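Participant: The structure follows.
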Amino acid sequence: MSNINHDYIQNYINGLIPKSQGILEELENYAQDNHVPIVTPDVAALLSILIKTTNTKNILEIGTAIGYSAILMGKAAGESFKIITLERSEELVKLARQNIKRAGFEDNIEVQSGNAEEVLQSLEGVYDMIFIDAAKGQYMDFLKLSFNKLKIGGLFICDNVLFRGMVAERSLLIRRKITIVKRLKKFLSYISGHEAMQTAVIPIGDGVSISIKLKEAIIDE
Ligand code: SAH
Ligand code: MG
């Protein structure tokens, strides 16, 4: 129960999505057994469609975990794509690199080890899409440090923005999550109101925000 949708809607939608195959199926099983919070099938389908419709080739991801979403996005991007993905857990960096190699994407997907706040300071390049799926309390920092790396017309996408419904509904709020929820609410209101982007918040998975960059701006909330 994610508290985002009725269970019957969620189950129905997930039932429509074809089962993954090969390495993605393996990684889904691994994630399930080891409690790794990979993107849900509905979010995976949305990411894949967004990448295909926008002909996205250069992606920056924050939060690699086992490399599942990076591999999935790579498959959607088709020929000659490049993904830089950031992960702070050394152990997961190793595992992700192994999985990426097994997927045959070692030349296309680069896992950079370290805290995204630090790695982003020295990261070069301009990206067609930025996908954030890491510490939810830091989304505003990630936006600040990466918005100038997104091309105009590019998509800035964030996972888990509704955080089990807690962002929208007080009665769901768990005490120890108050700070994260406050930060997410501030973040969503910021990206929804900022003149340099347009944002849609989609209630699938754990909540996804999709923002298009309309013009250059310095992000300083
Ligand atoms: N995107 C992945 C799942 C990522 S889970 C997928 O769908 O397959 C979130 C990951 O972000 C965790 O592995 C965690 O270690 C990492 N993370 C959280 N905060 C981070 C930060 N500040 N810098 C780098 N990695 C971070
Ligand atoms: Mg997520």
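Scheme for the structure tokens: letters A, B, ... for chains in order shown; per-chain residue numbers from 1; ligand numbers from 1 in order shown.
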Which residues form the shell of 6 Å around ligand 2 when you count only C-alpha atoms and all ligand atoms, given as a list in words?

Facilitator: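 Those within range of ligand 2 are Pro37, Ile38, Val39, Asp133, Asp159 and Asn160 of chain A.
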
Participant: Taking only C-alpha atoms and all ligand atoms into account, report as a list in words which residues have an atom no farther than 7 Å from an atom of ligand 1.

Facilitator: Val36, Pro37, Ile38, Val39, Ile62, Gly63, Thr64, Ala65, Ile66, Gly67, Tyr68, Ser69, Ala70, Leu86, Glu87, Arg88, Ser89, Leu92, Gly114, Asn115, Ala116, Glu117, Asp133, Ala134, Ala135 and Gln138 of chain A

Participant: Keeping only N, CA and C atoms, take the residues you just selected and write them out as a PDB file, in the first residue's frame.

Facilitator:
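New file out.pdb:
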ATOM      1  N   VAL A  36      15.739  -3.281  -2.037  1.00  0.00           N
ATOM      2  CA  VAL A  36      16.317  -2.120  -2.729  1.00  0.00           C
ATOM      3  C   VAL A  36      15.163  -1.359  -3.396  1.00  0.00           C
ATOM      4  N   PRO A  37      15.024  -0.082  -3.081  1.00  0.00           N
ATOM      5  CA  PRO A  37      13.856   0.670  -3.586  1.00  0.00           C
ATOM      6  C   PRO A  37      14.015   1.146  -5.043  1.00  0.00           C
ATOM      7  N   ILE A  38      13.913   0.231  -5.978  1.00  0.00           N
ATOM      8  CA  ILE A  38      13.999   0.593  -7.409  1.00  0.00           C
ATOM      9  C   ILE A  38      12.668   1.193  -7.871  1.00  0.00           C
ATOM     10  N   VAL A  39      12.677   1.862  -9.019  1.00  0.00           N
ATOM     11  CA  VAL A  39      11.438   2.448  -9.534  1.00  0.00           C
ATOM     12  C   VAL A  39      10.405   1.339  -9.782  1.00  0.00           C
ATOM     13  N   ILE A  62      20.734  10.785 -10.286  1.00  0.00           N
ATOM     14  CA  ILE A  62      21.236  10.820  -8.908  1.00  0.00           C
ATOM     15  C   ILE A  62      20.535   9.713  -8.133  1.00  0.00           C
ATOM     16  N   GLY A  63      21.314   8.745  -7.635  1.00  0.00           N
ATOM     17  CA  GLY A  63      20.764   7.573  -6.943  1.00  0.00           C
ATOM     18  C   GLY A  63      20.756   6.359  -7.855  1.00  0.00           C
ATOM     19  N   THR A  64      21.884   5.643  -7.894  1.00  0.00           N
ATOM     20  CA  THR A  64      22.054   4.495  -8.796  1.00  0.00           C
ATOM     21  C   THR A  64      21.479   3.213  -8.212  1.00  0.00           C
ATOM     22  N   ALA A  65      21.706   2.999  -6.924  1.00  0.00           N
ATOM     23  CA  ALA A  65      21.443   1.710  -6.245  1.00  0.00           C
ATOM     24  C   ALA A  65      22.102   0.578  -7.030  1.00  0.00           C
ATOM     25  N   ILE A  66      21.339  -0.377  -7.530  1.00  0.00           N
ATOM     26  CA  ILE A  66      21.945  -1.533  -8.218  1.00  0.00           C
ATOM     27  C   ILE A  66      22.035  -1.320  -9.734  1.00  0.00           C
ATOM     28  N   GLY A  67      21.669  -0.139 -10.188  1.00  0.00           N
ATOM     29  CA  GLY A  67      21.786   0.171 -11.621  1.00  0.00           C
ATOM     30  C   GLY A  67      20.536  -0.140 -12.430  1.00  0.00           C
ATOM     31  N   TYR A  68      19.462  -0.503 -11.741  1.00  0.00           N
ATOM     32  CA  TYR A  68      18.240  -0.918 -12.452  1.00  0.00           C
ATOM     33  C   TYR A  68      17.683   0.198 -13.344  1.00  0.00           C
ATOM     34  N   SER A  69      17.417   1.367 -12.762  1.00  0.00           N
ATOM     35  CA  SER A  69      16.811   2.443 -13.565  1.00  0.00           C
ATOM     36  C   SER A  69      17.771   2.941 -14.642  1.00  0.00           C
ATOM     37  N   ALA A  70      19.066   2.919 -14.358  1.00  0.00           N
ATOM     38  CA  ALA A  70      20.048   3.351 -15.372  1.00  0.00           C
ATOM     39  C   ALA A  70      19.999   2.408 -16.580  1.00  0.00           C
ATOM     40  N   LEU A  86      25.047   8.807 -10.159  1.00  0.00           N
ATOM     41  CA  LEU A  86      25.797   9.079  -8.935  1.00  0.00           C
ATOM     42  C   LEU A  86      25.264   8.230  -7.775  1.00  0.00           C
ATOM     43  N   GLU A  87      26.190   7.642  -7.028  1.00  0.00           N
ATOM     44  CA  GLU A  87      25.800   6.770  -5.908  1.00  0.00           C
ATOM     45  C   GLU A  87      26.818   6.926  -4.778  1.00  0.00           C
ATOM     46  N   ARG A  88      26.305   7.072  -3.549  1.00  0.00           N
ATOM     47  CA  ARG A  88      27.219   7.306  -2.428  1.00  0.00           C
ATOM     48  C   ARG A  88      27.660   6.029  -1.717  1.00  0.00           C
ATOM     49  N   SER A  89      26.924   4.935  -1.883  1.00  0.00           N
ATOM     50  CA  SER A  89      27.316   3.695  -1.223  1.00  0.00           C
ATOM     51  C   SER A  89      28.337   2.942  -2.079  1.00  0.00           C
ATOM     52  N   LEU A  92      27.189  -0.448  -3.272  1.00  0.00           N
ATOM     53  CA  LEU A  92      26.232  -0.401  -4.384  1.00  0.00           C
ATOM     54  C   LEU A  92      26.909   0.030  -5.689  1.00  0.00           C
ATOM     55  N   GLY A 114      30.271   8.622  -4.701  1.00  0.00           N
ATOM     56  CA  GLY A 114      30.382   9.766  -3.788  1.00  0.00           C
ATOM     57  C   GLY A 114      29.048  10.430  -3.530  1.00  0.00           C
ATOM     58  N   ASN A 115      29.063  11.380  -2.595  1.00  0.00           N
ATOM     59  CA  ASN A 115      27.849  12.147  -2.305  1.00  0.00           C
ATOM     60  C   ASN A 115      27.540  13.058  -3.482  1.00  0.00           C
ATOM     61  N   ALA A 116      26.307  13.009  -3.958  1.00  0.00           N
ATOM     62  CA  ALA A 116      25.931  13.795  -5.136  1.00  0.00           C
ATOM     63  C   ALA A 116      26.206  15.289  -4.921  1.00  0.00           C
ATOM     64  N   GLU A 117      25.978  15.789  -3.699  1.00  0.00           N
ATOM     65  CA  GLU A 117      26.203  17.218  -3.423  1.00  0.00           C
ATOM     66  C   GLU A 117      27.638  17.601  -3.778  1.00  0.00           C
ATOM     67  N   ASP A 133      16.557  10.338  -7.832  1.00  0.00           N
ATOM     68  CA  ASP A 133      15.935   9.245  -7.071  1.00  0.00           C
ATOM     69  C   ASP A 133      16.858   8.898  -5.905  1.00  0.00           C
ATOM     70  N   ALA A 134      17.057   9.871  -5.016  1.00  0.00           N
ATOM     71  CA  ALA A 134      18.021   9.697  -3.911  1.00  0.00           C
ATOM     72  C   ALA A 134      17.418  10.281  -2.639  1.00  0.00           C
ATOM     73  N   ALA A 135      18.253  10.742  -1.698  1.00  0.00           N
ATOM     74  CA  ALA A 135      17.754  11.234  -0.406  1.00  0.00           C
ATOM     75  C   ALA A 135      16.714  12.339  -0.616  1.00  0.00           C
ATOM     76  N   GLN A 138      17.010  16.097   0.205  1.00  0.00           N
ATOM     77  CA  GLN A 138      18.028  16.906  -0.476  1.00  0.00           C
ATOM     78  C   GLN A 138      17.643  17.327  -1.892  1.00  0.00           C
TER      79      GLN A 138
END

Participant: Find, counting only C-alpha atoms, the residue in A:Leu162, A:Ile100, A:Ile210, A:Leu60 that gets nearest to Leu150 in chain A.

Facilitator: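 Closest to Leu150 in chain A of all the choices is A:Leu60.
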
Participant: As a count of residues only, list the residues of range 47-190 of chain A assigned to alpha helix (DSSP H) by DSSP on the backbone atoms of this structure.

Facilitator: 58

Participant: Could you give me, as a ChimeraX atom specification, the residues within 10 Å of Ile204 in chain A, counting only C-alpha atoms and dropping anything in the same chain fewer than 6 positions from it?

Facilitator: /A:2,4-5,10,13,40-43,46,159-160,162

Participant: Emit the selected residues as a PDB file, in the first residue's frame, including N, CA, C and O atoms.

Facilitator:
ATOM      1  N   SER A   2       0.802   2.003  -1.090  1.00  0.00           N
ATOM      2  CA  SER A   2       1.675   3.172  -1.194  1.00  0.00           C
ATOM      3  C   SER A   2       0.976   4.437  -0.707  1.00  0.00           C
ATOM      4  O   SER A   2       1.583   5.477  -0.557  1.00  0.00           O
ATOM      5  N   ILE A   4      -0.784   6.274  -2.370  1.00  0.00           N
ATOM      6  CA  ILE A   4      -0.868   7.252  -3.457  1.00  0.00           C
ATOM      7  C   ILE A   4      -2.158   7.001  -4.246  1.00  0.00           C
ATOM      8  O   ILE A   4      -2.902   7.915  -4.551  1.00  0.00           O
ATOM      9  N   ASN A   5      -2.416   5.741  -4.552  1.00  0.00           N
ATOM     10  CA  ASN A   5      -3.618   5.348  -5.296  1.00  0.00           C
ATOM     11  C   ASN A   5      -4.373   4.271  -4.529  1.00  0.00           C
ATOM     12  O   ASN A   5      -3.835   3.636  -3.638  1.00  0.00           O
ATOM     13  N   GLN A  10      -3.813   0.561  -8.554  1.00  0.00           N
ATOM     14  CA  GLN A  10      -2.388   0.223  -8.655  1.00  0.00           C
ATOM     15  C   GLN A  10      -2.199  -1.195  -9.195  1.00  0.00           C
ATOM     16  O   GLN A  10      -1.422  -1.418 -10.120  1.00  0.00           O
ATOM     17  N   ILE A  13      -3.275  -1.441 -12.913  1.00  0.00           N
ATOM     18  CA  ILE A  13      -2.286  -0.850 -13.826  1.00  0.00           C
ATOM     19  C   ILE A  13      -1.048  -1.742 -13.922  1.00  0.00           C
ATOM     20  O   ILE A  13      -0.562  -2.047 -15.021  1.00  0.00           O
ATOM     21  N   THR A  40       9.135   1.678  -9.559  1.00  0.00           N
ATOM     22  CA  THR A  40       8.047   0.714  -9.755  1.00  0.00           C
ATOM     23  C   THR A  40       7.751   0.580 -11.260  1.00  0.00           C
ATOM     24  O   THR A  40       8.134   1.460 -12.040  1.00  0.00           O
ATOM     25  N   PRO A  41       7.084  -0.502 -11.680  1.00  0.00           N
ATOM     26  CA  PRO A  41       6.869  -0.747 -13.115  1.00  0.00           C
ATOM     27  C   PRO A  41       6.159   0.393 -13.848  1.00  0.00           C
ATOM     28  O   PRO A  41       6.481   0.686 -15.004  1.00  0.00           O
ATOM     29  N   ASP A  42       5.203   1.037 -13.196  1.00  0.00           N
ATOM     30  CA  ASP A  42       4.495   2.155 -13.845  1.00  0.00           C
ATOM     31  C   ASP A  42       5.429   3.341 -14.075  1.00  0.00           C
ATOM     32  O   ASP A  42       5.398   3.987 -15.132  1.00  0.00           O
ATOM     33  N   VAL A  43       6.285   3.614 -13.105  1.00  0.00           N
ATOM     34  CA  VAL A  43       7.258   4.705 -13.250  1.00  0.00           C
ATOM     35  C   VAL A  43       8.302   4.344 -14.314  1.00  0.00           C
ATOM     36  O   VAL A  43       8.698   5.180 -15.128  1.00  0.00           O
ATOM     37  N   LEU A  46       6.800   5.015 -17.659  1.00  0.00           N
ATOM     38  CA  LEU A  46       6.736   6.459 -17.923  1.00  0.00           C
ATOM     39  C   LEU A  46       8.111   7.000 -18.328  1.00  0.00           C
ATOM     40  O   LEU A  46       8.246   7.728 -19.317  1.00  0.00           O
ATOM     41  N   ASP A 159      11.659  11.147  -8.475  1.00  0.00           N
ATOM     42  CA  ASP A 159      10.854  10.028  -7.973  1.00  0.00           C
ATOM     43  C   ASP A 159      10.540  10.230  -6.489  1.00  0.00           C
ATOM     44  O   ASP A 159      11.237  10.980  -5.795  1.00  0.00           O
ATOM     45  N   ASN A 160       9.504   9.577  -6.023  1.00  0.00           N
ATOM     46  CA  ASN A 160       9.130   9.540  -4.597  1.00  0.00           C
ATOM     47  C   ASN A 160       8.712  10.892  -4.017  1.00  0.00           C
ATOM     48  O   ASN A 160       8.838  11.112  -2.812  1.00  0.00           O
ATOM     49  N   LEU A 162       5.782  12.164  -3.579  1.00  0.00           N
ATOM     50  CA  LEU A 162       4.596  12.177  -2.709  1.00  0.00           C
ATOM     51  C   LEU A 162       4.812  11.361  -1.432  1.00  0.00           C
ATOM     52  O   LEU A 162       3.990  11.374  -0.521  1.00  0.00           O
TER      53      LEU A 162
END
